[in-house]
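Heads up, the thing below is written out as structure tokens.
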Amino acid sequence: MRHVLVVGNGPAAHRLVERLRERGFAGWITVLGAEPRPAYNRALLGSVLDGTVRAAELELPELNADVRLGVEATRIDRRMRRVHTSSGTEFSYDELVLATGARPSTPDVPGLRGRAVTTLRGPLDCARVARLRSHVVVLGGGVLGVETACSLLRRGVRTTLVHARPWLMERHLDAVAGRLLAERLEALGVRTVLGRAAAGFGDGGLVLDDGTHVSTGGVIVCTGIRPNIELAEPGGVAARRGILVDDRMRTSDPHVHAIGDCAEHDGVTAGRLGPAWDQAEALAGQLTGTDARYGGGASIVRLRTRHIDLAALNTAMPSDNTDVITLTDGDGARYARLAVRDDRVVEANIVGLPRAISNLTQLHRRDLPLPRERFHLLLGETPPSGAGPTEVPGNALVCRCNNVTRQTLLQACRRGARDVDSLARMTRVTTGCGACVDDVRRICAQEGVAPT
């Protein structure tokens, strides 16, 4: 029997093992997890931080595999196809999967260490942040930084968000959308400081590069991640920023694969759940005899907060030869910019238009063409034919992260689910990347339960 050895026990590894078994893989699967605790959904840490999800709810379902917790892989012997571990135990493999994830990338700033400084990568970090009662600074205005600031706001903690770039979430948003996001955060109570980098920390505050002193009781660092490639390089597996993989998720060794935050595909290390799911899906196909490929895929970025309606969509397609549609209202509170190619959205920034976000997210996720009346679509006046969940058959996926179908949601409603939160607790819908939340709200409305 073939033996698949998976190094890493995060969401990407967990998804791969689930998909292998669903596809009928009957061989041995061993999972080595360096952490002593079972696999958990890191994407929900912000919800633990704001108190809407208990830490115990992060845990992922048990796998049909030999899972070894607290076992750290230390060396790959590719010639003998064996992995050595910190306990002295060696594991042989036919196929090796590196799903080693990433760690926080902390800027080299004097004083930015110690008990008052933390990152947000695990449940223990949430517990440390929960002890910060006074003014907190979030350093970094990417997706994680913005979501963390919103979680602190929900806890009632006074928060300042400091970002070195001219606008927030610059990897996903254009300047207009980034500015609107900052304005919305300010209106909610989060102070934003843009275009300023941290220069030092101490004496009860963070010092910025222009000399400004921001008084704070603690700093949460959200300045990106660094893929864990230390196991790959000494073992002769090619890596740059991440472990290099092709469309089949193969590394430079055809019997060694990489998925998730540690993998680099076409120069990109994704750092988000959606691409990790797609990579796990492609590799599961490869390991079970299907020539599945990962092509970069469509990316949907949604903020995990009810206070801000924002989405950024893009694909791996080249963005040239596109038509650009822009919508901005008079007071500047709503904004949309779409890049359209062959009647399909290849890139989009949408702020303050919840129905447009819902419609366009569904079209983008299902690779459906835009309707002719595109401005009506943006204004939410004409839902696209065939794009809403009411037209989706019962066995169609609503939440691809947790494999939840429309029929599963309808059954949960009949068992007493009364809103999105109760559906999430019963089915885990919306607890992955969050892109399905609008579909779930529409199903709630259709079934006569609270779409909140």
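In the structure tokens, the first chain shown is A, the next is B, and so on; residue numbers restart at 1 for each chain, and ligands run from 1 in the order shown.
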
For this session: Would you mind listing what lies within 12 Å of Arg250 of chain A as a ChimeraX atom specification, with only C-alpha atoms counted and same-chain residues fewer than 3 positions away left out?
Result: /A:95-98,237-238,243-247,253-259,263-265,279-280,282-284,286-287,292-294

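The smallest atom-to-atom distance between Asn349 of chain A and any of A:Ala270, A:Ala198, A:Met169, A:Cys444, using only C-alpha atoms, is found for A:Met169.
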
Considering only C-alpha atoms, tabulate each residue of segment 117-183 of chain A that lies at most 12 Å from segment 203-215 of chain A along with its nearest interatomic pair and the corresponding distance in Å to one decimal; arrange the rows by chain and ascending residue number and present them as a Markdown table.
```
| residue | atom | partner | partner_atom | distance |
| --- | --- | --- | --- | --- |
| A:Val117 | CA | A:Leu206 | CA | 10.7 |
| A:Ser134 | CA | A:Ser215 | CA | 9.9 |
| A:His135 | CA | A:Ser215 | CA | 7.5 |
| A:Val136 | CA | A:Ser215 | CA | 8.6 |
| A:Val137 | CA | A:Leu206 | CA | 8.0 |
| A:Val138 | CA | A:Leu206 | CA | 10.5 |
| A:Leu139 | CA | A:Leu206 | CA | 9.7 |
| A:Arg158 | CA | A:Ser215 | CA | 11.2 |
| A:Thr159 | CA | A:Ser215 | CA | 10.8 |
| A:Thr160 | CA | A:Val214 | CA | 8.5 |
| A:Leu161 | CA | A:Val214 | CA | 10.6 |
| A:Val162 | CA | A:Leu208 | CA | 9.0 |
| A:His163 | CA | A:Leu208 | CA | 10.4 |
| A:Ala164 | CA | A:Asp209 | CA | 9.6 |
```

Keeping C-alpha atoms, export the residues of the selection given above as an mmCIF file, in the first residue's frame.
```
data_model
loop_
_atom_site.group_PDB
_atom_site.id
_atom_site.type_symbol
_atom_site.label_atom_id
_atom_site.label_comp_id
_atom_site.auth_asym_id
_atom_site.auth_seq_id
_atom_site.Cartn_x
_atom_site.Cartn_y
_atom_site.Cartn_z
ATOM 1 C CA VAL A 117 4.185 42.739 21.868
ATOM 2 C CA SER A 134 -5.874 49.769 27.484
ATOM 3 C CA HIS A 135 -5.049 51.378 24.151
ATOM 4 C CA VAL A 136 -3.645 48.835 21.641
ATOM 5 C CA VAL A 137 -1.695 49.507 18.440
ATOM 6 C CA VAL A 138 -2.102 47.141 15.505
ATOM 7 C CA LEU A 139 0.996 47.336 13.326
ATOM 8 C CA ARG A 158 -9.312 51.624 22.014
ATOM 9 C CA THR A 159 -7.277 50.866 18.885
ATOM 10 C CA THR A 160 -4.848 52.591 16.529
ATOM 11 C CA LEU A 161 -3.945 50.960 13.206
ATOM 12 C CA VAL A 162 -0.487 51.918 11.874
ATOM 13 C CA HIS A 163 0.391 51.053 8.277
ATOM 14 C CA ALA A 164 3.590 51.935 6.411
#
```

For this session: Pick out the closest residue to Asp419 of chain A from this set: A:Arg365, A:Arg442, A:Arg121, A:Arg155. Count only C-alpha atoms.
Result: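 Among the listed residues, the smallest separation from Asp419 of chain A belongs to A:Arg442.
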